[in-house]
Amino acid sequence: MADGKRWGMVIDQSRCVGCWTCAVACKEINNQPLGFWWNRVLTAPPAPEANAPASDNIDVPAGEFPNLSLAYQPTACQHCQDAPCVKVCPVGATFRRDDGVVLIDYERCIGCRYCIAACPYGVRVFNWGDAKHADEFPVGYAKDYRSDGRLVFTPERPRGVVEKCTMCAELLDAGQEPFCVKQCPAGARVFGDLNDPASEVSKLVNEEGAQRVLDELGTKPDVFYQPAGRRDLTDGSAQSGSGS
Amino acid sequence: MGMTAAAHARHPKAALRRLEAWSALLGLLVALGLGTWIYQLTQGLRVTGMRDVVSWGAYIVTFAFFVGLSAGGLIVASAAEVFGVQSLKPLSKLGVLTALASITCAGLMIIPDLGRPDRILNLVAYPHWQSPLIWDVGIIATYFLFAAVDLTVLHRRDTSPTGLAKTVRVLAYIGLPTAVLLHSITAWIFGLQIARTWWNTALMAPLFVTSAILSGTALVAVAAIAAQRFAHVRVPEQTWRVVSNLLVVSLFVDLFLVACDYITILWGNVPRERAALNLILPGGSWQTVFWLEWIVGGVAPLVLLMTPRLRASRALVALAALLAMVGVYAYRIELVVGGLVRPIIQLPPGIAKGSYQSDKSSFVYTGGYHPTWVEIAIVVGMFALLAAFITVGYRRLKVLSRPTESHPVPGITVESPIPEPRKVLT
């Protein structure tokens, strides 16, 4: 854990093509059981602000034919500074590291699921039964990972505990970027240190006006979005209403 | 009623057989519940109807309901002392007994809900004081100890010659605020959550306190009527009047608070806030709880309790109390499931786990919840355990002390006194 760092991410929704590569990459590196999605790509009507909750329908454009538009909102743990999940956990199993990464101690969690009720972003998943995998062997990182002695990742999921995006803490601590950032084919994800004013994420947040989802709740996520509708992307091109 | 009592007096053996049958039934249901829980332990919570969207179900609903039941008893008992409601005094001990039984069952009800019940002691080893759940663990433990002490003292008072009246009074003054705090904290588990607009209202604590008084008093009433019918004790007429009035007032306030919530949401018409209410109002997919709360558990008991001719019948008062409890249980479902079923952000992913809705053009993801047989068996077992606790406690502690005994309760007139109210089964 590098000193004085605060890891953050900015997702450019005007670059996101909704291909789900980040979601699948996340499943793979984290050996997620069948039916689990730590990271998913919501369909959100293009809006000038990232505030809007995603639409009810997946991959369905907004508007009336032929004036349709489509945008995506990849959503995983927002790593809030004032995280409701951290506040409600009765045993301190969910905690926020000094570098801003919110993690779950697999060995401490009692499975009460209060955090699932408390999270506004709906990013937590629970091991309702024994994990099932498509492969017979663990894929991805495939090892236990401990942070300050606490088990924050294990490929063999214990039954009855909650889990979510770790921002790939095991890669971060080894000086790498989260796997979804590395894999995004559209270059829609930017990762870096929010405490460093010269970093790209800081510039996007401070100068380009990247925004937080559900900002009004005051949870202060360290994941930011650049909304697809923040500028008229169709400007100059004739009748390209189906979005991009 | 009188005939039944006479019949009991004449046939103590029949009464004994009835008690045995009742005990056997409760024992069977508790055993089934326990067995089902062991099955759940081997399978994990996947055998319940809960999933990532509706992640709390029948267990938490029943937990909140039991916490509510535990209130009333202690509030009835304490009100007798604190506000000098003399006619409630005969029900003090029964009230504290139901409180102790209910809070015990509430605490136990949490265990099958945990994904890792083997780690329950983490609550003691690593308490995180910011969490309302930890406050609740603290207040439930306190309340349990308090009810146990109070019951012991009340029992001593009735059985020993030394007067413990002052101790009882002091305990009552502690009991009332403790009960209010218990319900407020349990309400705040839900009410403080910004992620759930349906829960996030300052009305939550007053609502929990009111519905607790309602359902707790109803439980005391049902237990007292059962005792009167089957164990041949007599509760004074005036006590019934106070109890049924308390039911009426708390039911009115309860429905008023819920209505305030509805109206605030309906008039404001914020889509995010309407989402849960739309499911519950008539026409929504969860409308059953609306009818159970407002008609079965609202209008029906009010009619029964406010019509003088109907109120005269103990059986109908018991029915009204039961219906009021059904209404409160429906409200707990409305609260817990309603708060979870429509999250403020779309959940993962429509195609893999969603369900097709004919009025929409695509697969959309909506949360759903139906309790499985596992949840039903465990919850029924817990209700049976509650009934068993009350039955055993009642029989061992001679709970309905008669006002005409060595500790007369002033101000009570027994309108149709039985010469020597006998307890048939001792």
# chains A, B, ... in the order shown; residues from 1 in each chain; ligands from 1
$ interface_residues --of "chain A" --to "chain B" --cutoff "6 Å" --atoms "only C-alpha atoms" --output "list in words"
Pro53, Ala54, Asp56, Asn57, Ile58, Lys87, Val88, Cys89, Pro90, Val91, Gly92, Ile110, Gly111, Cys112, Ala118, Cys119, Pro120, Tyr121, Val125, Trp128, Gly129 and Gly160 of chain A
$ residues_around --residues "Phe224 in chain A" --least-positions-apart "6" --cutoff "6 Å" --atoms "only C-alpha atoms" --output "PyMOL selection string"
chain A and resi 10+210-212
$ residues_around --residues "range 181-193 of chain A" --least-positions-apart "4" --cutoff "12 Å" --atoms "only C-alpha atoms" --output "MDAnalysis selection string"
chainID A and resid 2:26 28:29 39 72:75 99:101 167:168 171:172 175:177 197:205 210 222:228 244
$ closest_residue --among "A:Pro46, A:Asp105, A:Ala174, A:Val123" --to "Thr154 in chain A" --atoms "only C-alpha atoms"
A:Asp105
$ atom_distance --atom1 "CA of Asn127 in chain A" --atom2 "CA of Glu163 in chain A"
7.8 Å
$ residues_around --residues "Val139 in chain A" --least-positions-apart "3" --cutoff "12 Å" --atoms "only C-alpha atoms" --output "compact mmCIF listing (two decimals) with C-alpha atoms, in the first residue's frame"
# COMPACT_ATOMS: atom_id res chain seq x y z
CA ALA A 25 -12.59 -10.08 -17.37
CA CYS A 26 -13.66 -9.40 -13.80
CA LYS A 27 -15.34 -12.80 -13.59
CA GLU A 28 -12.23 -14.45 -14.91
CA ILE A 29 -9.52 -12.80 -12.80
CA ASN A 30 -11.62 -13.26 -9.67
CA ASN A 31 -12.78 -16.81 -10.45
CA GLN A 32 -16.38 -15.73 -9.85
CA PRO A 33 -18.90 -18.52 -9.47
CA HIS A 133 -17.89 -22.85 -11.59
CA ALA A 134 -17.79 -23.56 -15.28
CA ASP A 135 -14.26 -24.88 -14.93
CA GLU A 136 -13.12 -27.50 -12.49
CA ALA A 142 -6.30 -18.27 -8.26
CA LYS A 143 -4.60 -17.69 -4.92
CA THR A 154 -9.98 -16.39 -2.11
CA PRO A 155 -10.67 -18.36 -5.28
CA GLU A 156 -12.58 -21.03 -3.32
